[in-house]
$ cat coords.cif   # mmCIF, C-alpha atoms
data_query
#
loop_
_atom_site.label_atom_id
_atom_site.label_comp_id
_atom_site.auth_asym_id
_atom_site.auth_seq_id
_atom_site.Cartn_x
_atom_site.Cartn_y
_atom_site.Cartn_z
CA MET Y 1 278.76 123.91 -41.86
CA LYS Y 2 276.57 127.02 -41.78
CA THR Y 3 273.60 127.28 -44.10
CA LEU Y 4 271.71 130.42 -45.01
CA ILE Y 5 268.21 130.44 -46.47
CA TYR Y 6 268.08 133.66 -48.47
CA LEU Y 7 264.47 134.71 -49.05
CA THR Y 8 263.60 137.25 -51.74
CA SER Y 9 260.24 135.99 -53.06
CA PRO Y 10 256.90 137.51 -52.07
CA THR Y 11 255.07 135.60 -49.37
CA TYR Y 12 251.90 134.43 -51.04
CA SER Y 13 252.21 134.88 -54.80
CA SER Y 14 254.12 131.62 -55.27
CA LEU Y 15 255.25 128.64 -53.24
CA ALA Y 16 258.90 129.70 -53.34
CA LEU Y 17 259.03 131.34 -49.94
CA LYS Y 18 257.11 128.54 -48.25
CA GLU Y 19 259.38 125.92 -49.78
CA GLY Y 20 262.40 127.90 -48.63
CA LEU Y 21 261.04 127.96 -45.10
CA ASP Y 22 260.32 124.22 -45.32
CA LEU Y 23 263.98 123.63 -46.13
CA ALA Y 24 265.04 125.84 -43.20
CA LEU Y 25 262.85 123.86 -40.80
CA VAL Y 26 264.20 120.53 -42.04
CA LEU Y 27 267.76 121.80 -41.67
CA GLY Y 28 266.89 122.80 -38.11
CA THR Y 29 265.30 119.41 -37.47
CA PHE Y 30 268.55 117.77 -38.55
CA GLU Y 31 270.42 120.01 -36.11
CA GLN Y 32 272.18 121.94 -38.84
CA ASP Y 33 273.35 125.48 -38.18
CA VAL Y 34 270.84 127.44 -40.24
CA SER Y 35 269.94 131.12 -40.46
CA LEU Y 36 267.44 133.11 -42.49
CA CYS Y 37 267.79 136.40 -44.26
CA LEU Y 38 265.06 138.35 -46.01
CA THR Y 39 265.20 141.12 -48.51
CA GLY Y 40 262.98 142.77 -51.10
CA ASP Y 41 259.53 141.23 -51.55
CA ALA Y 42 260.20 138.59 -48.89
CA LEU Y 43 260.00 141.26 -46.20
CA SER Y 44 256.22 140.97 -46.50
CA LEU Y 45 256.56 137.75 -44.50
CA LEU Y 46 257.44 139.88 -41.47
CA HIS Y 47 254.40 142.19 -41.58
CA ILE Y 48 252.41 141.89 -38.39
CA ASN Y 49 248.61 141.63 -38.50
CA GLN Y 50 248.59 139.93 -41.88
CA SER Y 51 245.54 137.79 -42.49
CA PRO Y 52 245.93 135.64 -45.59
CA LEU Y 53 242.93 133.75 -46.89
CA GLN Y 54 243.05 129.99 -47.20
CA ARG Y 55 243.43 130.43 -50.96
CA HIS Y 56 246.68 132.32 -50.36
CA GLY Y 57 248.19 129.29 -48.66
CA LYS Y 58 249.49 128.57 -45.18
CA HIS Y 59 249.68 131.49 -42.74
CA LEU Y 60 253.46 131.74 -42.87
CA TYR Y 61 253.80 134.57 -40.35
CA LYS Y 62 252.69 132.14 -37.66
CA LEU Y 63 255.79 130.06 -38.35
CA LEU Y 64 258.08 132.85 -37.23
CA ASP Y 65 257.49 132.46 -33.50
CA GLY Y 66 258.21 128.74 -33.83
CA LEU Y 67 261.60 129.16 -35.46
CA GLU Y 68 263.39 129.05 -32.12
CA PHE Y 69 262.12 125.50 -31.58
CA TYR Y 70 264.20 124.55 -34.61
CA ASP Y 71 267.19 126.46 -33.20
CA ILE Y 72 266.79 129.09 -35.90
CA VAL Y 73 267.59 132.24 -33.99
CA ASN Y 74 269.16 134.44 -36.65
CA VAL Y 75 266.74 136.16 -39.00
CA TYR Y 76 268.59 138.93 -40.79
CA VAL Y 77 267.28 141.92 -42.69
CA LYS Y 78 269.03 144.91 -44.22
CA GLU Y 79 269.08 148.02 -42.06
CA ASP Y 80 268.38 150.38 -44.94
CA GLU Y 81 265.30 148.38 -46.00
CA LEU Y 82 263.94 148.65 -42.47
CA HIS Y 83 264.24 152.42 -42.61
CA ASN Y 84 262.15 152.47 -45.77
CA SER Y 85 259.39 150.32 -44.27
CA THR Y 86 256.40 152.04 -42.72
CA ILE Y 87 254.76 148.78 -41.66
CA GLU Y 88 255.43 147.24 -38.27
CA LEU Y 89 257.50 144.07 -38.56
CA TRP Y 90 257.96 140.91 -36.50
CA ASP Y 91 260.32 141.70 -33.65
CA GLY Y 92 262.65 138.70 -33.89
CA ILE Y 93 264.80 140.14 -36.66
CA THR Y 94 268.39 141.33 -36.59
CA SER Y 95 269.10 144.30 -38.82
CA LEU Y 96 272.48 144.54 -40.47
CA SER Y 97 274.39 147.36 -42.09
CA GLN Y 98 275.55 146.88 -45.67
CA ASP Y 99 279.02 145.82 -44.53
CA ALA Y 100 277.67 143.46 -41.89
CA TRP Y 101 275.29 141.97 -44.48
CA HIS Y 102 278.18 141.13 -46.80
CA SER Y 103 280.16 139.73 -43.91
CA MET Y 104 277.18 137.58 -42.90
CA LEU Y 105 276.92 136.18 -46.44
CA ARG Y 106 280.61 135.27 -46.45
CA ASP Y 107 280.18 133.53 -43.11
CA HIS Y 108 277.93 130.80 -44.56
CA THR Y 109 279.07 127.62 -46.31
CA HIS Y 110 275.87 127.10 -48.27
CA ILE Y 111 273.34 129.69 -49.38
CA TYR Y 112 269.97 128.64 -50.81
CA ARG Y 113 267.98 131.43 -52.38
CA PHE Y 114 264.20 131.33 -52.74
CA MET V 1 285.85 117.83 -56.53
CA LYS V 2 282.54 116.22 -55.58
CA PHE V 3 279.44 118.10 -56.74
CA SER V 4 275.72 117.83 -56.13
CA LEU V 5 273.07 119.61 -58.13
CA PHE V 6 270.01 121.34 -56.69
CA ILE V 7 267.42 122.14 -59.33
CA THR V 8 264.30 124.19 -58.68
CA GLY V 9 263.27 125.58 -62.08
CA SER V 10 260.34 124.06 -63.96
CA PRO V 11 261.29 121.74 -66.86
CA THR V 12 258.70 123.45 -69.07
CA SER V 13 258.81 127.15 -68.24
CA THR V 14 262.56 127.47 -67.56
CA LYS V 15 265.76 125.95 -68.91
CA ALA V 16 267.05 125.08 -65.43
CA CYS V 17 266.81 121.32 -65.96
CA HIS V 18 268.42 121.61 -69.40
CA SER V 19 271.33 123.74 -68.20
CA ALA V 20 271.84 121.44 -65.24
CA LEU V 21 272.03 118.41 -67.52
CA ASP V 22 274.63 120.15 -69.69
CA PHE V 23 276.61 120.90 -66.54
CA ALA V 24 276.28 117.32 -65.29
CA LEU V 25 277.42 115.89 -68.63
CA ALA V 26 280.44 118.22 -68.65
CA LEU V 27 281.29 117.07 -65.12
CA MET V 28 281.17 113.40 -66.00
CA ARG V 29 282.97 113.75 -69.31
CA GLY V 30 285.64 115.98 -67.80
CA GLY V 31 286.84 113.12 -65.64
CA ASP V 32 288.28 115.20 -62.79
CA HIS V 33 285.06 115.54 -60.82
CA SER V 34 282.26 113.40 -59.47
CA LEU V 35 278.55 113.91 -58.95
CA ALA V 36 277.02 112.64 -55.72
CA GLY V 37 273.43 113.17 -56.76
CA VAL V 38 270.79 115.50 -58.11
CA PHE V 39 267.95 116.90 -56.03
CA PHE V 40 264.82 118.31 -57.66
CA TYR V 41 262.73 120.75 -55.61
CA GLU V 42 259.89 123.22 -56.21
CA ASP V 43 258.64 123.19 -59.83
CA ALA V 44 261.62 121.11 -60.95
CA THR V 45 259.80 118.10 -59.48
CA TYR V 46 257.57 118.12 -62.58
CA ILE V 47 260.51 116.48 -64.35
CA ALA V 48 259.57 113.15 -62.77
CA ASN V 49 256.04 113.06 -64.19
CA GLN V 50 256.00 110.12 -66.57
CA PHE V 51 252.76 111.37 -68.11
CA ALA V 52 254.52 114.46 -69.49
CA MET V 53 254.78 113.91 -73.24
CA PRO V 54 256.53 116.64 -75.21
CA PRO V 55 256.11 116.52 -79.00
CA ARG V 56 258.26 113.82 -80.59
CA ASP V 57 260.48 116.33 -82.38
CA GLU V 58 261.32 118.15 -79.13
CA CYS V 59 263.73 117.38 -76.31
CA HIS V 60 262.24 115.11 -73.62
CA ILE V 61 264.28 116.50 -70.78
CA GLY V 62 262.83 114.10 -68.20
CA GLN V 63 263.91 111.12 -70.27
CA GLU V 64 267.31 112.67 -70.98
CA TRP V 65 267.94 113.02 -67.27
CA ALA V 66 266.77 109.42 -66.77
CA ASP V 67 269.18 108.19 -69.46
CA PHE V 68 272.02 110.20 -67.93
CA ALA V 69 271.32 108.79 -64.47
CA THR V 70 271.24 105.24 -65.76
CA GLN V 71 274.43 105.61 -67.77
CA TYR V 72 276.48 107.21 -64.99
CA GLU V 73 274.64 105.62 -62.03
CA ILE V 74 273.73 108.96 -60.52
CA PRO V 75 270.73 109.08 -58.14
CA LEU V 76 267.92 111.47 -59.07
CA TYR V 77 266.10 112.56 -55.92
CA VAL V 78 262.76 114.34 -56.06
CA CYS V 79 261.41 116.12 -52.98
CA ILE V 80 258.46 114.05 -51.86
CA ALA V 81 256.40 116.91 -50.40
CA ALA V 82 256.96 119.19 -53.40
CA ALA V 83 256.18 116.34 -55.80
CA ILE V 84 252.98 115.17 -54.14
CA ARG V 85 251.74 118.74 -53.98
CA ARG V 86 252.19 118.82 -57.77
CA GLY V 87 250.52 115.49 -58.43
CA ILE V 88 253.57 113.26 -58.82
CA VAL V 89 253.33 110.07 -56.80
CA ASN V 90 255.07 106.72 -56.62
CA ASP V 91 253.27 103.43 -56.00
CA SER V 92 253.22 103.69 -52.22
CA GLU V 93 252.00 107.30 -52.22
CA ALA V 94 249.31 106.43 -54.78
CA LYS V 95 248.12 103.70 -52.45
CA ARG V 96 248.23 106.02 -49.45
CA TYR V 97 246.14 108.68 -51.22
CA GLU V 98 243.86 106.04 -52.75
CA LEU V 99 244.72 107.02 -56.31
CA ASP V 100 244.15 104.72 -59.26
CA THR V 101 247.67 104.98 -60.56
CA SER V 102 251.13 106.33 -59.90
CA ASN V 103 253.15 108.49 -62.28
CA LEU V 104 256.71 108.71 -60.96
CA ALA V 105 259.05 108.02 -63.85
CA LYS V 106 262.02 105.70 -63.42
CA PRO V 107 264.70 106.04 -62.09
CA TYR V 108 263.54 109.10 -60.11
CA GLN V 109 263.14 108.54 -56.36
CA LEU V 110 260.91 110.43 -53.93
CA GLU V 111 262.93 111.53 -50.93
CA GLY V 112 262.66 114.02 -48.09
CA LEU V 113 264.65 117.20 -47.73
CA GLY V 114 266.95 115.32 -45.37
CA THR V 115 268.46 113.75 -48.46
CA LEU V 116 269.40 117.20 -49.74
CA ILE V 117 271.11 117.88 -46.43
CA SER V 118 273.04 114.61 -46.75
CA LEU V 119 274.08 115.55 -50.27
CA SER V 120 275.29 118.96 -49.14
CA SER V 121 277.27 117.34 -46.31
CA GLU V 122 279.07 114.90 -48.57
CA SER V 123 279.72 117.34 -51.44
CA ASP V 124 282.35 120.01 -51.87
CA ARG V 125 279.95 122.12 -53.92
CA ILE V 126 276.18 122.29 -54.39
CA VAL V 127 275.26 124.00 -57.66
CA ARG V 128 271.79 125.48 -57.95
CA PHE V 129 269.78 125.79 -61.16
CA ARG V 130 266.58 127.84 -61.00
#

$ encode --input "coords.cif" --output "structure tokens"
Amino acid sequence: MKTLIYLTSPTYSSLALKEGLDLALVLGTFEQDVSLCLTGDALSLLHINQSPLQRHGKHLYKLLDGLEFYDIVNVYVKEDELHNSTIELWDGITSLSQDAWHSMLRDHTHIYRF
Amino acid sequence: MKFSLFITGSPTSTKACHSALDFALALMRGGDHSLAGVFFYEDATYIANQFAMPPRDECHIGQEWADFATQYEIPLYVCIAAAIRRGIVNDSEAKRYELDTSNLAKPYQLEGLGTLISLSSESDRIVRFR
């Protein structure tokens, strides 16, 4: 059973993205096959050199390097969104073409969107 | 087919909990399907706050879910971390945080996200309401 956590919410303006990541980490802890994908506002999670204040919530970028300890190795983004970004992003991502993106979605049993 | 429901929308600022209850009632009354459980996450956890008192002439969605769960013996799971963050605690969590009282309504149960994973494993479909 493959599970995809599909992140679209901005990083710090609500708890949605954090609670999506929490679910991903628990799935990993329970040795489930889990991947992440990010699109739209959620791409802000990947911006390097971000420095949220304590009021913004937990520094979520710091979680990214720890994903591999939960066996979360696939973090997908859309290729065309990467081309539009002028900000340097975390380097653990896999960019997918539109066709590959759709194929990736079909490849998962459960998709949770946050 | 065996279903589970995953609800994340607030009971006050969205109709997620209301739509999910309609869906659950249709499932149970249809007779061909079963419901393994319901998992409340994010702002949907507010549904389990027994101090929430809507006006008497309005729908009390938390109580309606409780009545549904009792009638059909369906477990209502509430994410413990999301609930505590929002001020909803059972007796043991109230004691742990040295609070004067608890406010988890019956028959809601605080559970970890592992319970959601179990539900998804044992169900043919998880339906999300946000």

$ residues_around --input "coords.cif" --residues "V:Ala20" --least-positions-apart "4" --cutoff "9 Å" --atoms "all atoms listed in the file" --output "list in words"
Leu5, Phe6, Ile7, Lys15, Ala16, Ala24, Leu25, Val127, Arg128 and Phe129 of chain V

$ closest_atom_pairs --input "coords.cif" --of "stretch 51-117 of chain V" --to "stretch 14-20 of chain Y" --cutoff "12 Å" --atoms "all atoms listed in the file" --output "Markdown table"
| residue | atom | partner | partner_atom | distance |
| --- | --- | --- | --- | --- |
| V:Cys79 | CA | Y:Glu19 | CA | 10.5 |
| V:Ala81 | CA | Y:Glu19 | CA | 9.5 |
| V:Ala82 | CA | Y:Glu19 | CA | 8.0 |
| V:Ala83 | CA | Y:Glu19 | CA | 11.8 |
| V:Arg85 | CA | Y:Leu15 | CA | 10.5 |
| V:Arg86 | CA | Y:Leu15 | CA | 11.2 |
| V:Leu113 | CA | Y:Glu19 | CA | 10.4 |

$ interface_residues --input "coords.cif" --of "chain Y" --to "chain V" --cutoff "12 Å" --atoms "all atoms listed in the file" --output "MDAnalysis selection string"
chainID Y and resid 1:3 14:34 109:114

$ resolve_selection --input "coords.cif" --expression "the PyMOL selection byres ((chain V and resi 49-65) around 6)" --output "ChimeraX atom specification"
/V:46-48,66-68,88,103-105

$ resolve_selection --input "coords.cif" --expression "the PyMOL selection byres ((chain V and resi 108) around 7)" --output "PyMOL selection string"
chain V and resi 48+76-78+104-107+109-110

$ atom_distance --input "coords.cif" --atom1 "atom CA of V:Ser123" --atom2 "atom CA of Y:Arg106"
18.6 Å

$ atom_distance --input "coords.cif" --atom1 "atom CA of Y:Lys78" --atom2 "atom CA of Y:Lys58"
25.5 Å
